[in-house]
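Okay, run07.cif now, which holds mmCIF, C-alpha atoms and all ligand atoms:
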data_coords
#
loop_
_atom_site.label_atom_id
_atom_site.label_comp_id
_atom_site.auth_asym_id
_atom_site.auth_seq_id
_atom_site.Cartn_x
_atom_site.Cartn_y
_atom_site.Cartn_z
CA MET A 16 0.00 0.00 0.00
CA VAL A 17 1.27 3.45 -0.82
CA LEU A 18 1.32 6.19 1.75
CA LYS A 19 -1.68 7.96 0.20
CA GLU A 20 -3.83 4.83 0.59
CA TRP A 21 -2.72 4.37 4.21
CA VAL A 22 -3.65 7.95 5.01
CA GLY A 23 -7.05 7.45 3.34
CA LEU A 24 -7.68 4.22 5.27
CA VAL A 25 -6.69 5.68 8.64
CA THR A 26 -8.74 8.82 8.07
CA GLY A 27 -11.75 6.67 7.09
CA LEU A 28 -11.41 4.56 10.23
CA VAL A 29 -11.08 7.60 12.47
CA ILE A 30 -14.14 9.28 10.94
CA SER A 31 -16.28 6.15 11.14
CA SER A 32 -15.32 5.54 14.77
CA ILE A 33 -16.19 9.15 15.65
CA VAL A 34 -19.56 8.81 13.88
CA THR A 35 -20.27 5.48 15.63
CA ALA A 36 -19.33 6.92 19.02
CA GLN A 37 -21.49 9.96 18.34
CA ASN A 38 -24.47 7.78 17.38
CA ALA A 39 -23.99 5.71 20.53
CA VAL A 40 -24.06 8.88 22.63
CA ASP A 41 -27.10 10.14 20.75
CA THR A 42 -29.10 6.95 21.27
CA LYS A 43 -28.04 6.53 24.89
CA ILE A 44 -28.87 9.99 26.18
CA LYS A 45 -31.06 11.91 23.83
CA ARG A 46 -31.47 15.16 25.68
CA TYR A 47 -32.99 17.35 22.99
CA ASN A 48 -35.53 17.04 20.19
CA LYS A 49 -35.00 19.27 17.21
CA ILE A 50 -37.97 21.05 15.65
CA GLY A 51 -36.72 23.50 13.01
CA ASN A 52 -34.52 25.95 14.88
CA LEU A 53 -35.93 24.88 18.24
CA LYS A 54 -34.05 22.45 20.46
CA VAL A 55 -36.35 21.09 23.11
CA ASP A 56 -35.25 19.29 26.26
CA THR A 57 -36.82 15.81 26.19
CA THR A 58 -38.08 16.39 29.74
CA PHE A 59 -40.26 19.24 28.44
CA ASN A 60 -43.60 17.49 28.68
CA SER A 61 -45.40 16.93 25.35
CA ALA A 62 -48.44 18.82 26.72
CA TYR A 63 -46.20 21.85 27.36
CA LEU A 64 -44.79 21.60 23.87
CA THR A 65 -48.28 21.62 22.33
CA ASP A 66 -49.07 24.79 24.31
CA PHE A 67 -45.68 26.32 23.49
CA MET A 68 -46.31 25.88 19.78
CA ILE A 69 -49.53 27.96 19.95
CA PRO A 70 -47.73 31.33 20.36
CA TYR A 71 -44.49 30.14 18.69
CA GLN A 72 -46.26 29.40 15.42
CA GLU A 73 -47.73 32.91 15.40
CA PHE A 74 -44.33 34.57 15.76
CA ALA A 75 -42.84 33.96 12.31
CA ASP A 76 -40.05 36.50 13.00
CA LEU A 77 -38.67 34.12 15.64
CA HIS A 78 -38.58 31.01 13.47
CA ASN A 79 -35.07 31.81 12.29
CA CYS A 80 -33.78 32.22 15.85
CA LYS A 81 -31.91 29.35 17.43
CA ILE A 82 -33.79 28.72 20.67
CA LYS A 83 -33.08 25.97 23.16
CA ILE A 84 -35.61 24.98 25.82
CA LYS A 85 -33.73 23.64 28.78
CA SER A 86 -34.48 22.73 32.40
CA LYS A 87 -32.51 24.33 35.20
CA LYS A 88 -32.81 25.16 38.89
CA LEU A 89 -34.29 28.68 38.95
CA LYS A 90 -35.89 31.17 41.30
CA THR A 91 -38.76 31.70 38.88
CA THR A 92 -41.05 29.49 36.73
CA MET A 93 -39.31 30.27 33.44
CA ALA A 94 -36.73 32.67 32.02
CA ALA A 95 -35.53 33.62 28.53
CA ARG A 96 -31.92 34.65 28.02
CA PRO A 97 -29.44 35.13 25.22
CA HIS A 98 -26.59 32.61 25.16
CA PHE A 99 -23.82 34.85 26.47
CA LEU A 100 -20.93 33.77 24.22
CA SER A 101 -23.08 33.76 21.10
CA LEU A 102 -23.65 37.50 21.66
CA LEU A 103 -20.02 38.03 20.69
CA MET A 104 -20.37 36.12 17.43
CA GLY A 105 -22.59 38.54 15.53
CA LYS A 106 -26.35 38.83 15.35
CA ARG A 107 -26.84 36.03 12.84
CA ASN A 108 -25.15 33.57 15.17
CA ARG A 109 -27.05 34.57 18.27
CA ARG A 110 -28.62 31.81 20.29
CA TYR A 111 -31.25 31.96 23.02
CA VAL A 112 -32.19 29.75 25.93
CA ILE A 113 -35.61 29.43 27.50
CA LEU A 114 -35.16 27.93 30.92
CA VAL A 115 -37.78 25.96 32.82
CA ASN A 116 -37.41 25.57 36.55
CA LYS A 117 -36.66 22.06 37.79
CA LYS A 118 -36.05 22.92 41.44
CA GLU A 119 -38.67 20.91 43.32
CA SER A 120 -38.40 22.97 46.51
CA PHE A 121 -39.20 26.21 44.64
CA LYS A 122 -41.98 28.04 46.52
CA GLY A 123 -43.33 29.82 43.43
CA VAL A 124 -45.33 28.41 40.53
CA HIS A 125 -44.42 25.06 38.97
CA LEU A 126 -45.22 24.68 35.27
CA LYS A 127 -46.92 21.31 35.84
CA ASP A 128 -49.60 22.99 38.01
CA VAL A 129 -50.40 25.79 35.54
CA PRO A 130 -53.63 25.45 33.50
CA SER A 131 -53.12 25.20 29.75
CA ASP A 132 -54.46 28.69 28.82
CA ALA A 133 -52.30 30.39 31.44
CA ARG A 134 -49.29 28.38 30.26
CA VAL A 135 -49.79 29.73 26.73
CA GLY A 136 -49.70 33.26 28.20
CA LEU A 137 -46.43 32.56 30.02
CA PHE A 138 -44.85 31.03 26.89
CA ALA A 139 -45.94 34.03 24.79
CA HIS A 140 -44.34 36.34 27.39
CA GLU A 141 -41.03 34.41 27.29
CA LEU A 142 -41.02 34.54 23.49
CA MET A 143 -41.57 38.30 23.63
CA HIS A 144 -38.33 38.60 25.64
CA ILE A 145 -36.61 37.01 22.65
CA ARG A 146 -38.39 39.36 20.22
CA ASP A 147 -37.12 42.25 22.38
CA TYR A 148 -33.51 40.91 22.41
CA GLU A 149 -33.69 40.39 18.66
CA SER A 150 -34.60 44.04 18.16
CA ARG A 151 -31.44 45.08 20.03
CA LYS A 152 -27.75 45.30 19.28
CA VAL A 153 -25.29 43.63 21.67
CA THR A 154 -25.06 46.81 23.74
CA GLY A 155 -28.85 46.94 23.99
CA VAL A 156 -28.97 43.31 25.17
CA MET A 157 -26.27 44.10 27.77
CA GLU A 158 -28.36 47.06 28.89
CA ARG A 159 -31.24 44.66 29.58
CA GLY A 160 -28.85 42.65 31.77
CA PHE A 161 -28.02 45.76 33.81
CA GLN A 162 -31.69 46.67 34.14
CA TYR A 163 -32.24 43.30 35.82
CA LEU A 164 -29.99 44.33 38.68
CA SER A 165 -32.58 46.64 40.21
CA GLN A 166 -36.21 46.05 41.13
CA ASN A 167 -37.25 49.16 39.24
CA GLY A 168 -35.31 48.12 36.12
CA LYS A 169 -36.82 44.64 36.32
CA LYS A 170 -40.29 46.16 36.54
CA LYS A 171 -39.69 48.28 33.43
CA VAL A 172 -38.49 45.29 31.39
CA GLU A 173 -41.28 42.98 32.55
CA HIS A 174 -44.02 45.55 31.98
CA TYR A 175 -42.65 46.25 28.51
CA THR A 176 -42.56 42.51 27.77
CA ASP A 177 -46.14 42.16 29.00
CA SER A 178 -47.25 44.96 26.67
CA LEU A 179 -45.48 43.25 23.75
CA THR A 180 -47.41 40.09 24.66
CA ILE A 181 -50.71 42.00 24.59
CA ALA A 182 -49.82 43.70 21.29
CA ALA A 183 -48.99 40.28 19.82
CA GLY A 184 -52.57 39.14 20.51
CA PHE A 185 -51.95 37.06 23.65
CA GLY A 186 -53.48 39.46 26.19
CA GLN A 187 -56.24 37.08 27.26
CA HIS A 188 -53.74 34.27 27.85
CA LEU A 189 -51.45 36.64 29.73
CA TYR A 190 -54.40 37.67 31.88
CA GLU A 191 -55.06 33.98 32.66
CA TRP A 192 -51.42 33.55 33.66
CA ALA A 193 -51.25 36.68 35.84
CA SER A 194 -54.50 35.90 37.65
CA TYR A 195 -53.54 32.25 38.12
CA VAL A 196 -50.26 33.24 39.80
CA LEU A 197 -51.86 35.78 42.14
CA HIS A 198 -55.24 34.23 42.90
CA HIS A 199 -55.20 30.50 42.26
CA SER A 200 -51.67 29.16 42.63
CA ASP A 201 -50.02 27.62 45.70
CA ALA A 202 -47.10 30.07 45.49
CA CYS A 203 -45.98 31.56 48.81
CA GLU A 204 -47.09 35.09 49.69
CA GLU A 205 -43.57 36.45 49.27
CA TYR A 206 -43.45 35.20 45.67
CA LYS A 207 -46.92 36.58 44.93
CA SER A 208 -45.96 40.00 46.22
CA PHE A 209 -42.75 39.94 44.13
CA LYS A 210 -44.90 39.09 41.11
CA SER A 211 -47.34 41.91 41.72
CA GLU A 212 -44.46 44.37 42.26
CA VAL A 213 -42.65 43.51 39.03
CA TYR A 214 -45.28 42.31 36.52
CA MET A 215 -48.45 43.81 35.07
CA SER A 216 -51.49 43.12 37.24
CA PRO A 217 -54.49 41.26 35.76
CA VAL A 218 -56.54 44.49 35.89
CA THR A 219 -53.85 46.47 34.04
CA ILE A 220 -53.62 43.73 31.41
CA LEU A 221 -57.37 43.94 30.80
CA SER A 222 -57.36 47.73 30.59
CA GLN A 223 -54.38 47.74 28.23
CA MET A 224 -56.15 45.16 26.04
CA GLU A 225 -59.20 47.41 26.01
CA SER A 226 -57.23 50.56 25.12
CA THR A 227 -55.29 48.86 22.32
CA ARG A 228 -58.32 47.06 20.86
CA PRO A 229 -58.84 48.21 17.25
CA ARG A 230 -62.01 50.31 16.97
CA PRO A 231 -64.48 49.49 14.19
ZN ZN B 301 -40.35 38.05 31.81
#
Render the structure in this file as structure tokens.
Amino acid sequence: MVLKEWVGLVTGLVISSIVTAQNAVDTKIKRYNKIGNLKVDTTFNSAYLTDFMIPYQEFADLHNCKIKIKSKKLKTTMAARPHFLSLLMGKRNRRYVILVNKKESFKGVHLKDVPSDARVGLFAHELMHIRDYESRKVTGVMERGFQYLSQNGKKKVEHYTDSLTIAAGFGQHLYEWASYVLHHSDACEEYKSFKSEVYMSPVTILSQMESTRPRP
């Protein structure tokens, strides 16, 4: 065998062993399902996914965004964030993560307890965070990060995100979510008062829906 053939053979063997190893890993622990540009944690219940797709399908501008739904221990039910390193790689390479809380001892609202309509409202709200990030340059996204450091800044961002959700046609679902958290959930009082401090109240959601309703 000449050297060229040896090199070809060795390269072939190396590539096929990498592919086999990769397949073995994929079949052993399949952590994510791919749906277009979405990567969904396999622990994300199929009922949640059906509800998630209701607002997601409406937001065509987000279908080109790489979004990963992942579970993590959080101090809230869900959170949407840009992938930090991807921010440095240009807007076209940006990636986002939507996190779902998996901390069992969390005293707030667990996704599994949330009624379907309210869940749609929460998902629409998280997707509006991504629409907001997408409308911003890196510096604007960083600014959002800084705003999160103060209660007042947090309130501004969350109220803005709630109004985007209403403008996108998910006001009724958002209302269901906000009133579930405050009036029907098992969340502790401390969490409920944090929610009413930072997010739009059910009454404000209804009045904003009313004032933005197109007149005949
Ligand atoms: Zn939010």
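When all atoms listed in the file are used to compute distances to Thr219 of chain A, the closest of the residues A:Pro231, A:Val196, A:Asp177, A:Lys122 turns out to be A:Asp177.
Candidate residues A:Ala95, A:Cys203, A:Val172, A:Ala75 were compared for distance to Arg159 of chain A, and the nearest is A:Val172, using all atoms listed in the file.
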List every residue of chain A that has an atom at most 12 Å from any atom of ligand ZN 301 (chain B), and for each one report the closest atom pair and its distance in Å to one decimal, counting all atoms listed in the file, with rows sorted by chain and then by increasing residue number, as CSV.
residue,atom,partner,partner_atom,distance
A:Thr91,CA,B:ZN301,ZN,9.6
A:Thr92,CA,B:ZN301,ZN,9.9
A:Met93,CA,B:ZN301,ZN,8.0
A:Ala94,CA,B:ZN301,ZN,6.5
A:Ala95,CA,B:ZN301,ZN,7.3
A:Arg96,CA,B:ZN301,ZN,9.8
A:Ile113,CA,B:ZN301,ZN,10.7
A:Leu114,CA,B:ZN301,ZN,11.4
A:Gly136,CA,B:ZN301,ZN,11.1
A:Leu137,CA,B:ZN301,ZN,8.4
A:Phe138,CA,B:ZN301,ZN,9.7
A:Ala139,CA,B:ZN301,ZN,9.8
A:His140,CA,B:ZN301,ZN,6.2
A:Glu141,CA,B:ZN301,ZN,5.8
A:Leu142,CA,B:ZN301,ZN,9.1
A:Met143,CA,B:ZN301,ZN,8.3
A:His144,CA,B:ZN301,ZN,6.5
A:Ile145,CA,B:ZN301,ZN,9.9
A:Arg146,CA,B:ZN301,ZN,11.8
A:Asp147,CA,B:ZN301,ZN,10.8
A:Tyr148,CA,B:ZN301,ZN,12.0
A:Arg159,CA,B:ZN301,ZN,11.5
A:Tyr163,CA,B:ZN301,ZN,10.5
A:Lys169,CA,B:ZN301,ZN,8.7
A:Lys170,CA,B:ZN301,ZN,9.4
A:Lys171,CA,B:ZN301,ZN,10.4
A:Val172,CA,B:ZN301,ZN,7.5
A:Glu173,CA,B:ZN301,ZN,5.1
A:His174,CA,B:ZN301,ZN,8.4
A:Tyr175,CA,B:ZN301,ZN,9.1
A:Thr176,CA,B:ZN301,ZN,6.4
A:Asp177,CA,B:ZN301,ZN,7.6
A:Ser178,CA,B:ZN301,ZN,11.0
A:Leu179,CA,B:ZN301,ZN,10.9
A:Thr180,CA,B:ZN301,ZN,10.3
A:Leu189,CA,B:ZN301,ZN,11.4
A:Ala193,CA,B:ZN301,ZN,11.7
A:Lys210,CA,B:ZN301,ZN,10.4
A:Val213,CA,B:ZN301,ZN,9.3
A:Tyr214,CA,B:ZN301,ZN,8.0
A:Met215,CA,B:ZN301,ZN,10.5
Quick check, in Å to one decimal: how far apart do atom CA of Phe121 of chain A and atom CA of Asn60 of chain A lie?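 Taking atom CA of Phe121 of chain A as the start and atom CA of Asn60 of chain A as the end point, the length is 18.7 Å.
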What is the distance, in Å and to one decimal place, between atom CA of Ile220 of chain A and atom CA of Gly123 of chain A?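 Going from atom CA of Ile220 of chain A over to atom CA of Gly123 of chain A, I get 21.1 Å.
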For His188 of chain A, work out the shell of residues within 7 Å, counting only C-alpha atoms and skipping chain neighbours fewer than 6 positions away, then give it as a PyMOL selection string. chain A and resi 132-133+135-136
Given only C-alpha atoms as the basis, pick out the residue of A:His98, A:Arg151, A:Lys106, A:Lys54 nearest to Ile84 of chain A. A:Lys54
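Comparing A:Pro97, A:Ala182, A:Val124, A:Phe209 by their smallest distance to Val156 of chain A, the closest is A:Pro97 (using all atoms listed in the file).
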Nearest residue to Leu77 of chain A from the set A:His198, A:Arg228, A:Arg110, A:Lys117 (distances using only C-alpha atoms): A:Arg110
How far is it from atom CA of Val55 of chain A to atom CA of Asp201 of chain A, in Å with one decimal?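 Pair atom CA of Val55 of chain A / atom CA of Asp201 of chain A returns 27.2 Å.
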Using all atoms listed in the file, find the one residue out of A:Lys127, A:Ile44, A:Val112, A:Lys49 that sits nearest to Phe99 of chain A.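 Comparing A:Lys127, A:Ile44, A:Val112, A:Lys49 against Phe99 of chain A, the winner is A:Val112.
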Please list, as a ChimeraX atom specification, the residues that have an atom at most 12 Å away from (-28.9, 38.3, 9.8) in the coordinates of this file, counting only C-alpha atoms. /A:76,79-80,104-109,149-150,152
